[in-house]
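Okay, structure first, notes after.
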Amino acid sequence: MDRFVNIALPKGRLGEKVYDIFEKAGWECPSIKEPNRKLIFENAEKQIRYFWVKPSDVAIYVERGAADIGVAGKDILLEYEPDVFELLDLGIGKCRMAVAGPVSFRDDCTRTLTVATKFSNIAANYYNSKGRDIDIIHLNGSIEIAPILGLSDVIVDIVETGATLKENNLEVLETIVPISARLIANKASFRFKSEKIEKITESISEEIK
Ligand code: PRP
């Protein structure tokens with residue numbers, strides 16, 4: 001069996017913060033900082049291997065065991081419901097999942113509400129729990145445009161600073177759930193590489209205290 005622990009990091013700004021935490025916790029891999037476009041890096045002495053993947057793909061790599069552990073946003077975990085263990089809240093990448101709409105929006109409960117979102121499952125679960133009938137319009141980005149152009153009544157999307165909403169005359173109508181980055185593990189890896197994964201988890205937990 002591969003004795004290395006394979007770690008999927010979300011490519012981008014959040015991923016760099018995540019790597020810094022791993023590095024400070026004693027799981028450094030200096031070659032990752034070299035200016036090139038490589039995607040896989042290892043530290044043979046520590047027997048760890050990092051790879052950069054699209055943030056929304058981390059959970060797939062971990063669920064299928066291509067990565068033993070990884071860091072994914074709670075938004076992705078709620079949306080795709082991957083069969084993985086959630087080990088730790090890293091307390092970074094904080095934002096919230098919210099319903100937003102035009103400042104003047106009032107819900108008319110006699111009509112089906114149209115909701116534009118990248119997070120169809122989260123939106124469906126949320127409105128289902130409220131017993132509100134909705135029609136979901138699945139989009140892949142720039143969700144804020146939908147209510148402005150009349151494509152939808154409201155949106156379900158991530159709000160971080162709120163600047164995007166404000167600059168488009170939209171506002172948060174309801175907060176669905178707070179979001180942050182989570183350390184996740186493949187279920188089989190967690191059993192077979194338990195000692196090492198627990199060591200990593202503990203050192204990171206210490207580091208973010
Ligand atoms: C996300 C989200 C909002 C924005 C919120 O978009 O979908 O558009 O960030 O951030 P704010 O509250 O700080 O303005 P992202 O940049 O991920 O691009 P997207 O259009 O592909 O969703």
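Ligands are numbered from 1 in the order shown, chains are lettered A, B, ... in the order of the structure tokens, and residues start at 1 in each chain.
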Checklist entry - Quick one: residues within 7 Å of ligand 1, with only C-alpha atoms and all ligand atoms, as a PyMOL selection string? => result chain A and resi 140-144+157-165
Enumerate the residues of stretch 6-188 of chain A with a DSSP assignment of strand (DSSP E or B), computed from the backbone, and present them as a compact mmCIF listing (two decimals) with all heavy atoms, in the first residue's frame.
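This is the output file states-v9.txt:
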```txt
# COMPACT_ATOMS: atom_id res chain seq x y z
N ASN A 6 -1.96 11.27 0.73
CA ASN A 6 -2.25 12.15 -0.40
C ASN A 6 -3.26 13.22 0.03
O ASN A 6 -4.34 12.89 0.54
CB ASN A 6 -2.82 11.34 -1.57
CG ASN A 6 -1.78 10.42 -2.15
OD1 ASN A 6 -0.69 10.87 -2.51
ND2 ASN A 6 -2.07 9.14 -2.22
N ILE A 7 -2.89 14.48 -0.21
CA ILE A 7 -3.69 15.60 0.30
C ILE A 7 -4.16 16.49 -0.85
O ILE A 7 -3.33 17.05 -1.57
CB ILE A 7 -2.86 16.45 1.30
CG1 ILE A 7 -2.26 15.54 2.39
CG2 ILE A 7 -3.71 17.57 1.90
CD1 ILE A 7 -1.19 16.22 3.25
N ALA A 8 -5.46 16.61 -1.04
CA ALA A 8 -6.00 17.48 -2.09
C ALA A 8 -6.26 18.87 -1.53
O ALA A 8 -7.00 19.03 -0.55
CB ALA A 8 -7.31 16.90 -2.64
N LEU A 9 -5.60 19.85 -2.13
CA LEU A 9 -5.78 21.24 -1.68
C LEU A 9 -6.58 22.00 -2.73
O LEU A 9 -6.40 21.78 -3.93
CB LEU A 9 -4.41 21.92 -1.52
CG LEU A 9 -3.47 21.39 -0.45
CD1 LEU A 9 -2.16 22.17 -0.47
CD2 LEU A 9 -4.11 21.49 0.93
N PRO A 10 -7.45 22.92 -2.29
CA PRO A 10 -8.21 23.71 -3.26
C PRO A 10 -7.33 24.79 -3.88
O PRO A 10 -6.76 25.61 -3.17
CB PRO A 10 -9.32 24.35 -2.40
CG PRO A 10 -8.74 24.40 -1.01
CD PRO A 10 -7.75 23.28 -0.90
N ILE A 40 1.47 18.53 -8.59
CA ILE A 40 1.70 17.51 -7.56
C ILE A 40 3.07 17.73 -6.92
O ILE A 40 4.06 17.96 -7.63
CB ILE A 40 1.64 16.08 -8.16
CG1 ILE A 40 0.29 15.87 -8.85
CG2 ILE A 40 1.87 15.02 -7.09
CD1 ILE A 40 0.12 14.52 -9.50
N PHE A 41 3.12 17.70 -5.60
CA PHE A 41 4.35 17.96 -4.85
C PHE A 41 4.46 16.97 -3.70
O PHE A 41 3.48 16.70 -3.03
CB PHE A 41 4.31 19.39 -4.26
CG PHE A 41 4.09 20.43 -5.30
CD1 PHE A 41 2.78 20.78 -5.66
CD2 PHE A 41 5.15 21.03 -5.95
CE1 PHE A 41 2.57 21.73 -6.65
CE2 PHE A 41 4.95 21.98 -6.93
CZ PHE A 41 3.65 22.33 -7.29
N GLU A 42 5.70 16.47 -3.47
CA GLU A 42 5.79 15.59 -2.32
C GLU A 42 6.99 15.86 -1.43
O GLU A 42 7.98 16.45 -1.86
CB GLU A 42 5.74 14.11 -2.73
CG GLU A 42 6.65 13.70 -3.84
CD GLU A 42 6.48 12.21 -4.18
OE1 GLU A 42 5.38 11.79 -4.61
OE2 GLU A 42 7.47 11.48 -4.00
N ASN A 43 6.84 15.47 -0.18
CA ASN A 43 7.92 15.50 0.78
C ASN A 43 8.14 14.04 1.16
O ASN A 43 7.36 13.46 1.93
CB ASN A 43 7.52 16.35 1.99
CG ASN A 43 8.61 16.37 3.05
OD1 ASN A 43 9.42 15.46 3.13
ND2 ASN A 43 8.59 17.41 3.87
N ILE A 48 4.33 12.70 2.57
CA ILE A 48 3.08 13.36 2.22
C ILE A 48 3.17 13.86 0.78
O ILE A 48 4.26 14.16 0.28
CB ILE A 48 2.74 14.56 3.14
CG1 ILE A 48 3.95 15.47 3.29
CG2 ILE A 48 2.19 14.09 4.48
CD1 ILE A 48 3.61 16.79 3.91
N ARG A 49 2.04 13.92 0.14
CA ARG A 49 1.98 14.35 -1.25
C ARG A 49 0.79 15.31 -1.38
O ARG A 49 -0.33 14.98 -0.98
CB ARG A 49 1.78 13.14 -2.14
CG ARG A 49 1.85 13.41 -3.62
CD ARG A 49 1.67 12.13 -4.43
NE ARG A 49 2.77 11.18 -4.29
CZ ARG A 49 2.63 9.94 -3.81
NH1 ARG A 49 1.45 9.48 -3.45
NH2 ARG A 49 3.67 9.14 -3.71
N TYR A 50 1.06 16.50 -1.87
CA TYR A 50 -0.02 17.48 -2.06
C TYR A 50 -0.38 17.57 -3.52
O TYR A 50 0.49 17.46 -4.38
CB TYR A 50 0.46 18.88 -1.65
CG TYR A 50 0.67 19.07 -0.17
CD1 TYR A 50 1.94 19.06 0.38
CD2 TYR A 50 -0.42 19.28 0.67
CE1 TYR A 50 2.13 19.26 1.75
CE2 TYR A 50 -0.24 19.48 2.04
CZ TYR A 50 1.04 19.46 2.57
OH TYR A 50 1.22 19.65 3.91
N PHE A 51 -1.64 17.81 -3.83
CA PHE A 51 -1.96 18.22 -5.19
C PHE A 51 -3.07 19.26 -5.19
O PHE A 51 -3.95 19.28 -4.34
CB PHE A 51 -2.26 17.06 -6.14
CG PHE A 51 -3.04 15.93 -5.55
CD1 PHE A 51 -4.42 15.94 -5.59
CD2 PHE A 51 -2.38 14.84 -4.98
CE1 PHE A 51 -5.14 14.89 -5.08
CE2 PHE A 51 -3.10 13.79 -4.46
CZ PHE A 51 -4.49 13.81 -4.51
N TRP A 52 -2.94 20.16 -6.15
CA TRP A 52 -3.90 21.26 -6.30
C TRP A 52 -5.04 20.81 -7.21
O TRP A 52 -4.78 20.37 -8.33
CB TRP A 52 -3.24 22.48 -6.96
CG TRP A 52 -2.14 23.13 -6.19
CD1 TRP A 52 -0.83 23.20 -6.55
CD2 TRP A 52 -2.24 23.85 -4.95
NE1 TRP A 52 -0.11 23.90 -5.61
CE2 TRP A 52 -0.95 24.31 -4.62
CE3 TRP A 52 -3.30 24.14 -4.07
CZ2 TRP A 52 -0.69 25.05 -3.47
CZ3 TRP A 52 -3.03 24.87 -2.93
CH2 TRP A 52 -1.74 25.31 -2.64
N VAL A 53 -6.26 20.93 -6.74
CA VAL A 53 -7.39 20.63 -7.62
C VAL A 53 -8.41 21.76 -7.52
O VAL A 53 -8.35 22.59 -6.62
CB VAL A 53 -8.08 19.27 -7.28
CG1 VAL A 53 -7.06 18.13 -7.34
CG2 VAL A 53 -8.77 19.30 -5.94
N ILE A 69 -6.94 12.71 2.27
CA ILE A 69 -7.59 13.83 2.96
C ILE A 69 -7.61 15.03 2.03
O ILE A 69 -6.94 15.03 0.98
CB ILE A 69 -6.88 14.20 4.31
CG1 ILE A 69 -5.41 14.56 4.07
CG2 ILE A 69 -7.00 13.07 5.32
CD1 ILE A 69 -4.70 15.07 5.34
N GLY A 70 -8.33 16.07 2.43
CA GLY A 70 -8.39 17.27 1.60
C GLY A 70 -9.11 18.36 2.36
O GLY A 70 -9.61 18.15 3.47
N VAL A 71 -9.14 19.52 1.74
CA VAL A 71 -9.85 20.64 2.37
C VAL A 71 -10.90 21.17 1.40
O VAL A 71 -10.58 21.54 0.27
CB VAL A 71 -8.86 21.75 2.79
CG1 VAL A 71 -9.62 22.97 3.29
CG2 VAL A 71 -7.91 21.23 3.86
N ALA A 72 -12.14 21.17 1.86
CA ALA A 72 -13.26 21.59 1.02
C ALA A 72 -14.15 22.54 1.80
O ALA A 72 -14.25 22.45 3.03
CB ALA A 72 -14.06 20.38 0.57
N GLY A 73 -14.81 23.44 1.09
CA GLY A 73 -15.76 24.36 1.73
C GLY A 73 -17.00 23.59 2.17
O GLY A 73 -17.41 22.62 1.52
N PHE A 85 -15.52 11.58 5.79
CA PHE A 85 -15.55 12.05 7.17
C PHE A 85 -15.14 13.51 7.21
O PHE A 85 -14.20 13.91 6.52
CB PHE A 85 -14.56 11.26 8.04
CG PHE A 85 -14.97 9.85 8.32
CD1 PHE A 85 -14.05 8.81 8.18
CD2 PHE A 85 -16.26 9.54 8.73
CE1 PHE A 85 -14.41 7.50 8.44
CE2 PHE A 85 -16.64 8.23 9.00
CZ PHE A 85 -15.71 7.21 8.84
N GLU A 86 -15.85 14.30 8.03
CA GLU A 86 -15.46 15.69 8.23
C GLU A 86 -14.69 15.72 9.54
O GLU A 86 -15.23 15.40 10.59
CB GLU A 86 -16.74 16.53 8.33
CG GLU A 86 -16.51 17.99 8.06
CD GLU A 86 -17.79 18.80 8.16
OE1 GLU A 86 -18.75 18.51 7.44
OE2 GLU A 86 -17.81 19.72 9.01
N LEU A 87 -13.38 16.07 9.47
CA LEU A 87 -12.53 15.94 10.65
C LEU A 87 -12.39 17.22 11.45
O LEU A 87 -12.27 17.19 12.67
CB LEU A 87 -11.13 15.47 10.24
CG LEU A 87 -11.02 14.16 9.46
CD1 LEU A 87 -9.57 13.88 9.11
CD2 LEU A 87 -11.61 13.00 10.26
N LEU A 88 -12.37 18.35 10.74
CA LEU A 88 -12.02 19.59 11.43
C LEU A 88 -12.57 20.81 10.69
O LEU A 88 -12.57 20.84 9.47
CB LEU A 88 -10.48 19.67 11.42
CG LEU A 88 -9.72 20.34 12.54
CD1 LEU A 88 -10.09 19.71 13.89
CD2 LEU A 88 -8.21 20.16 12.29
N ASP A 89 -13.02 21.80 11.46
CA ASP A 89 -13.38 23.10 10.89
C ASP A 89 -12.12 23.96 10.97
O ASP A 89 -11.63 24.23 12.07
CB ASP A 89 -14.52 23.72 11.72
CG ASP A 89 -14.99 25.04 11.15
OD1 ASP A 89 -14.27 25.62 10.30
OD2 ASP A 89 -16.08 25.50 11.55
N CYS A 95 -17.74 32.44 5.17
CA CYS A 95 -18.75 33.20 4.46
C CYS A 95 -20.09 32.57 4.84
O CYS A 95 -20.14 31.78 5.78
CB CYS A 95 -18.51 33.15 2.95
SG CYS A 95 -18.31 31.50 2.28
N ARG A 96 -21.16 32.95 4.17
CA ARG A 96 -22.44 32.30 4.49
C ARG A 96 -23.21 32.00 3.21
O ARG A 96 -23.01 32.67 2.19
CB ARG A 96 -23.28 33.15 5.43
CG ARG A 96 -23.55 34.54 4.90
CD ARG A 96 -24.28 35.37 5.94
NE ARG A 96 -24.19 36.77 5.62
CZ ARG A 96 -25.14 37.66 5.88
NH1 ARG A 96 -26.25 37.30 6.48
NH2 ARG A 96 -24.99 38.93 5.57
N MET A 97 -24.06 31.00 3.29
CA MET A 97 -24.96 30.69 2.18
C MET A 97 -26.24 31.46 2.48
O MET A 97 -26.76 31.38 3.60
CB MET A 97 -25.23 29.19 2.17
CG MET A 97 -26.02 28.70 0.98
SD MET A 97 -25.18 28.94 -0.60
CE MET A 97 -23.77 27.87 -0.43
N ALA A 98 -26.72 32.22 1.51
CA ALA A 98 -27.88 33.07 1.79
C ALA A 98 -28.83 33.15 0.61
O ALA A 98 -28.46 32.88 -0.54
CB ALA A 98 -27.40 34.48 2.16
N VAL A 99 -30.06 33.51 0.93
CA VAL A 99 -31.04 33.88 -0.09
C VAL A 99 -30.90 35.38 -0.25
O VAL A 99 -30.85 36.11 0.75
CB VAL A 99 -32.47 33.57 0.37
CG1 VAL A 99 -33.47 34.00 -0.71
CG2 VAL A 99 -32.64 32.09 0.71
N ALA A 100 -30.79 35.84 -1.49
CA ALA A 100 -30.69 37.28 -1.72
C ALA A 100 -31.62 37.67 -2.85
O ALA A 100 -32.00 36.83 -3.68
CB ALA A 100 -29.25 37.66 -2.06
N GLY A 101 -32.01 38.92 -2.85
CA GLY A 101 -32.91 39.39 -3.89
C GLY A 101 -32.90 40.91 -3.96
O GLY A 101 -32.18 41.57 -3.19
N PRO A 102 -33.70 41.47 -4.85
CA PRO A 102 -33.77 42.92 -4.96
C PRO A 102 -34.20 43.54 -3.62
O PRO A 102 -34.96 42.92 -2.88
CB PRO A 102 -34.86 43.15 -6.03
CG PRO A 102 -34.92 41.87 -6.78
CD PRO A 102 -34.56 40.79 -5.82
N LEU A 113 -41.90 30.28 -6.30
CA LEU A 113 -40.76 31.20 -6.26
C LEU A 113 -39.66 30.68 -7.19
O LEU A 113 -39.30 29.51 -7.12
CB LEU A 113 -40.24 31.23 -4.81
CG LEU A 113 -39.11 32.17 -4.46
CD1 LEU A 113 -39.58 33.62 -4.46
CD2 LEU A 113 -38.52 31.81 -3.09
N THR A 114 -39.11 31.53 -8.06
CA THR A 114 -38.01 31.07 -8.90
C THR A 114 -36.69 31.46 -8.24
O THR A 114 -36.49 32.59 -7.81
CB THR A 114 -38.07 31.65 -10.33
OG1 THR A 114 -38.16 33.05 -10.25
CG2 THR A 114 -39.26 31.10 -11.09
N VAL A 115 -35.80 30.46 -8.17
CA VAL A 115 -34.54 30.62 -7.45
C VAL A 115 -33.38 30.26 -8.38
O VAL A 115 -33.30 29.13 -8.85
CB VAL A 115 -34.50 29.67 -6.22
CG1 VAL A 115 -33.20 29.85 -5.45
CG2 VAL A 115 -35.71 29.89 -5.32
N ALA A 116 -32.50 31.22 -8.63
CA ALA A 116 -31.31 30.92 -9.45
C ALA A 116 -30.15 30.60 -8.52
O ALA A 116 -29.95 31.28 -7.50
CB ALA A 116 -30.96 32.12 -10.32
N THR A 117 -29.39 29.58 -8.85
CA THR A 117 -28.30 29.17 -7.96
C THR A 117 -27.33 28.20 -8.61
O THR A 117 -27.68 27.52 -9.58
CB THR A 117 -28.87 28.52 -6.67
OG1 THR A 117 -27.81 28.29 -5.75
CG2 THR A 117 -29.57 27.20 -6.98
N ILE A 134 -40.70 25.84 -5.02
CA ILE A 134 -39.81 26.67 -5.82
C ILE A 134 -39.50 26.03 -7.16
O ILE A 134 -39.69 24.84 -7.36
CB ILE A 134 -38.47 26.96 -5.11
CG1 ILE A 134 -37.68 25.66 -4.82
CG2 ILE A 134 -38.67 27.75 -3.83
CD1 ILE A 134 -36.23 25.92 -4.48
N ASP A 135 -39.02 26.88 -8.05
CA ASP A 135 -38.56 26.43 -9.36
C ASP A 135 -37.09 26.82 -9.41
O ASP A 135 -36.77 28.01 -9.30
CB ASP A 135 -39.40 27.17 -10.42
CG ASP A 135 -39.09 26.69 -11.81
OD1 ASP A 135 -38.39 25.68 -11.95
OD2 ASP A 135 -39.55 27.36 -12.76
N ILE A 136 -36.20 25.81 -9.51
CA ILE A 136 -34.77 26.12 -9.48
C ILE A 136 -34.22 26.33 -10.88
O ILE A 136 -34.47 25.52 -11.78
CB ILE A 136 -33.99 24.98 -8.77
CG1 ILE A 136 -34.36 24.97 -7.29
CG2 ILE A 136 -32.49 25.15 -8.96
CD1 ILE A 136 -33.71 23.86 -6.50
N ILE A 137 -33.48 27.40 -11.05
CA ILE A 137 -32.78 27.64 -12.30
C ILE A 137 -31.30 27.48 -12.01
O ILE A 137 -30.72 28.29 -11.27
CB ILE A 137 -33.08 29.06 -12.84
CG1 ILE A 137 -34.59 29.20 -13.08
CG2 ILE A 137 -32.28 29.33 -14.11
CD1 ILE A 137 -35.05 30.60 -13.33
N HIS A 138 -30.70 26.40 -12.51
CA HIS A 138 -29.30 26.14 -12.19
C HIS A 138 -28.38 26.96 -13.10
O HIS A 138 -28.43 26.85 -14.31
CB HIS A 138 -28.98 24.65 -12.33
CG HIS A 138 -27.63 24.32 -11.80
ND1 HIS A 138 -27.42 23.92 -10.49
CD2 HIS A 138 -26.40 24.40 -12.37
CE1 HIS A 138 -26.13 23.74 -10.29
NE2 HIS A 138 -25.49 24.03 -11.41
N VAL A 154 -35.28 35.33 -6.81
CA VAL A 154 -34.20 35.46 -5.82
C VAL A 154 -33.04 34.56 -6.24
O VAL A 154 -33.15 33.80 -7.21
CB VAL A 154 -34.68 35.05 -4.40
CG1 VAL A 154 -35.75 36.00 -3.89
CG2 VAL A 154 -35.15 33.60 -4.36
N ILE A 155 -31.94 34.63 -5.47
CA ILE A 155 -30.81 33.73 -5.69
C ILE A 155 -30.45 33.05 -4.37
O ILE A 155 -30.77 33.58 -3.29
CB ILE A 155 -29.56 34.47 -6.24
CG1 ILE A 155 -29.02 35.50 -5.21
CG2 ILE A 155 -29.87 35.14 -7.55
CD1 ILE A 155 -27.71 36.16 -5.62
N VAL A 156 -29.82 31.90 -4.47
CA VAL A 156 -29.18 31.28 -3.30
C VAL A 156 -27.71 31.24 -3.65
O VAL A 156 -27.32 30.63 -4.66
CB VAL A 156 -29.74 29.87 -3.02
CG1 VAL A 156 -28.81 29.11 -2.07
CG2 VAL A 156 -31.13 29.96 -2.41
N ASP A 157 -26.88 31.94 -2.87
CA ASP A 157 -25.47 32.05 -3.24
C ASP A 157 -24.62 32.33 -2.01
O ASP A 157 -25.14 32.60 -0.92
CB ASP A 157 -25.28 33.16 -4.28
CG ASP A 157 -23.98 33.00 -5.07
OD1 ASP A 157 -23.33 31.94 -4.98
OD2 ASP A 157 -23.62 33.96 -5.79
N ILE A 158 -23.32 32.29 -2.24
CA ILE A 158 -22.37 32.60 -1.17
C ILE A 158 -22.23 34.10 -1.03
O ILE A 158 -22.09 34.82 -2.03
CB ILE A 158 -21.02 31.96 -1.53
CG1 ILE A 158 -21.08 30.46 -1.23
CG2 ILE A 158 -19.89 32.62 -0.79
CD1 ILE A 158 -19.92 29.71 -1.75
N VAL A 159 -22.27 34.57 0.21
CA VAL A 159 -22.03 35.99 0.49
C VAL A 159 -20.84 36.06 1.43
O VAL A 159 -20.82 35.41 2.47
CB VAL A 159 -23.25 36.64 1.18
CG1 VAL A 159 -22.97 38.11 1.46
CG2 VAL A 159 -24.49 36.48 0.32
N LEU A 170 -28.82 44.42 -4.59
CA LEU A 170 -29.47 43.25 -4.00
C LEU A 170 -29.12 43.23 -2.51
O LEU A 170 -28.19 43.90 -2.07
CB LEU A 170 -28.96 41.96 -4.66
CG LEU A 170 -29.13 41.84 -6.18
CD1 LEU A 170 -28.40 40.61 -6.71
CD2 LEU A 170 -30.62 41.77 -6.56
N GLU A 171 -29.89 42.46 -1.74
CA GLU A 171 -29.56 42.33 -0.32
C GLU A 171 -29.87 40.92 0.17
O GLU A 171 -30.65 40.19 -0.45
CB GLU A 171 -30.32 43.36 0.53
CG GLU A 171 -31.82 43.13 0.54
CD GLU A 171 -32.57 44.16 1.37
OE1 GLU A 171 -31.95 45.13 1.85
OE2 GLU A 171 -33.79 43.98 1.54
N VAL A 172 -29.24 40.57 1.30
CA VAL A 172 -29.52 39.26 1.90
C VAL A 172 -30.93 39.29 2.46
O VAL A 172 -31.31 40.20 3.19
CB VAL A 172 -28.52 38.95 3.04
CG1 VAL A 172 -28.97 37.73 3.83
CG2 VAL A 172 -27.13 38.70 2.47
N LEU A 173 -31.74 38.28 2.11
CA LEU A 173 -33.10 38.18 2.63
C LEU A 173 -33.15 37.18 3.78
O LEU A 173 -33.86 37.37 4.75
CB LEU A 173 -34.06 37.76 1.51
CG LEU A 173 -34.09 38.66 0.26
CD1 LEU A 173 -34.89 38.03 -0.86
CD2 LEU A 173 -34.66 40.04 0.61
N GLU A 174 -32.40 36.09 3.65
CA GLU A 174 -32.36 35.06 4.70
C GLU A 174 -30.97 34.42 4.68
O GLU A 174 -30.43 34.18 3.61
CB GLU A 174 -33.38 33.94 4.41
CG GLU A 174 -34.84 34.35 4.49
CD GLU A 174 -35.72 33.45 3.63
OE1 GLU A 174 -35.86 32.26 3.94
OE2 GLU A 174 -36.22 33.94 2.60
N THR A 175 -30.42 34.13 5.85
CA THR A 175 -29.17 33.37 5.90
C THR A 175 -29.52 31.90 6.05
O THR A 175 -30.33 31.53 6.90
CB THR A 175 -28.30 33.83 7.10
OG1 THR A 175 -27.86 35.16 6.83
CG2 THR A 175 -27.08 32.94 7.27
N ILE A 176 -28.95 31.06 5.20
CA ILE A 176 -29.25 29.63 5.27
C ILE A 176 -28.29 28.92 6.22
O ILE A 176 -28.72 28.21 7.13
CB ILE A 176 -29.19 28.99 3.86
CG1 ILE A 176 -30.24 29.65 2.95
CG2 ILE A 176 -29.40 27.48 3.93
CD1 ILE A 176 -30.25 29.15 1.52
N VAL A 177 -26.98 29.13 6.03
CA VAL A 177 -26.01 28.43 6.88
C VAL A 177 -24.65 29.11 6.79
O VAL A 177 -24.26 29.59 5.72
CB VAL A 177 -25.94 26.93 6.45
CG1 VAL A 177 -25.38 26.77 5.05
CG2 VAL A 177 -25.16 26.08 7.42
N PRO A 178 -23.90 29.16 7.91
CA PRO A 178 -22.53 29.68 7.83
C PRO A 178 -21.62 28.65 7.16
O PRO A 178 -21.83 27.45 7.30
CB PRO A 178 -22.12 29.90 9.29
CG PRO A 178 -23.10 29.20 10.13
CD PRO A 178 -24.28 28.78 9.28
N ILE A 179 -20.62 29.14 6.44
CA ILE A 179 -19.71 28.28 5.66
C ILE A 179 -18.27 28.53 6.11
O ILE A 179 -17.92 29.65 6.44
CB ILE A 179 -19.83 28.64 4.15
CG1 ILE A 179 -21.27 28.51 3.63
CG2 ILE A 179 -18.84 27.86 3.31
CD1 ILE A 179 -21.81 27.12 3.55
N ALA A 181 -14.00 26.43 5.69
CA ALA A 181 -13.25 25.32 5.10
C ALA A 181 -13.14 24.16 6.09
O ALA A 181 -12.91 24.37 7.28
CB ALA A 181 -11.86 25.80 4.70
N ARG A 182 -13.32 22.95 5.61
CA ARG A 182 -13.29 21.75 6.47
C ARG A 182 -12.22 20.77 5.98
O ARG A 182 -12.05 20.58 4.78
CB ARG A 182 -14.64 21.03 6.45
CG ARG A 182 -15.84 21.92 6.74
CD ARG A 182 -15.78 22.45 8.15
NE ARG A 182 -16.66 23.59 8.34
CZ ARG A 182 -17.87 23.51 8.90
NH1 ARG A 182 -18.33 22.36 9.31
NH2 ARG A 182 -18.59 24.60 9.05
N LEU A 183 -11.54 20.14 6.95
CA LEU A 183 -10.63 19.04 6.64
C LEU A 183 -11.47 17.77 6.54
O LEU A 183 -12.21 17.44 7.47
CB LEU A 183 -9.58 18.90 7.75
CG LEU A 183 -8.56 17.77 7.58
CD1 LEU A 183 -7.64 18.04 6.37
CD2 LEU A 183 -7.70 17.62 8.84
N ILE A 184 -11.37 17.08 5.41
CA ILE A 184 -12.17 15.87 5.21
C ILE A 184 -11.27 14.67 4.92
O ILE A 184 -10.12 14.84 4.50
CB ILE A 184 -13.20 16.03 4.06
CG1 ILE A 184 -12.51 16.40 2.74
CG2 ILE A 184 -14.24 17.08 4.41
CD1 ILE A 184 -13.44 16.42 1.54
N ALA A 185 -11.78 13.47 5.16
CA ALA A 185 -10.98 12.26 4.92
C ALA A 185 -11.80 11.21 4.20
O ALA A 185 -13.01 11.07 4.43
CB ALA A 185 -10.47 11.70 6.25
```
Checklist entry - Residues of stretch 2-175 of chain A in alpha helix (DSSP H) according to DSSP, as a PyMOL selection string? => result chain A and resi 13-24+58-63+74-80+120-130+145-148+163-167
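Going from atom CA of A:Leu149 to atom CA of A:Ser129 covers 27.9 Å.
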May I have the residues within 10 Å of A:Arg3 as an mmCIF file with N, CA, C and O atoms, in the first residue's frame, using only C-alpha atoms and disregarding those fewer than 2 positions away in the same chain?
```cif
data_model
loop_
_atom_site.group_PDB
_atom_site.id
_atom_site.type_symbol
_atom_site.label_atom_id
_atom_site.label_comp_id
_atom_site.auth_asym_id
_atom_site.auth_seq_id
_atom_site.Cartn_x
_atom_site.Cartn_y
_atom_site.Cartn_z
ATOM 1 N N MET A 1 0.848 -1.208 0.000
ATOM 2 C CA MET A 1 0.000 0.000 0.000
ATOM 3 C C MET A 1 0.886 1.262 0.000
ATOM 4 O O MET A 1 1.945 1.268 0.610
ATOM 5 N N VAL A 5 0.567 9.941 2.531
ATOM 6 C CA VAL A 5 -0.785 10.470 2.667
ATOM 7 C C VAL A 5 -0.963 11.498 1.557
ATOM 8 O O VAL A 5 -0.169 12.432 1.414
ATOM 9 N N ASN A 6 -1.964 11.268 0.726
ATOM 10 C CA ASN A 6 -2.254 12.154 -0.398
ATOM 11 C C ASN A 6 -3.257 13.215 0.026
ATOM 12 O O ASN A 6 -4.335 12.892 0.541
ATOM 13 N N GLN A 47 6.600 11.732 3.984
ATOM 14 C CA GLN A 47 5.654 10.853 3.289
ATOM 15 C C GLN A 47 4.269 11.483 3.114
ATOM 16 O O GLN A 47 3.239 10.923 3.495
ATOM 17 N N ILE A 48 4.330 12.701 2.571
ATOM 18 C CA ILE A 48 3.076 13.363 2.216
ATOM 19 C C ILE A 48 3.170 13.857 0.781
ATOM 20 O O ILE A 48 4.260 14.158 0.283
ATOM 21 N N PHE A 192 -7.264 2.774 7.297
ATOM 22 C CA PHE A 192 -5.972 2.140 7.004
ATOM 23 C C PHE A 192 -4.760 3.032 7.244
ATOM 24 O O PHE A 192 -3.659 2.547 7.420
ATOM 25 N N LYS A 193 -4.959 4.321 7.240
ATOM 26 C CA LYS A 193 -3.834 5.246 7.499
ATOM 27 C C LYS A 193 -4.160 6.090 8.727
ATOM 28 O O LYS A 193 -3.813 7.270 8.796
ATOM 29 N N LYS A 196 -1.364 8.162 10.865
ATOM 30 C CA LYS A 196 -0.815 9.346 10.206
ATOM 31 C C LYS A 196 -1.888 10.423 10.054
ATOM 32 O O LYS A 196 -1.643 11.614 10.303
#
```
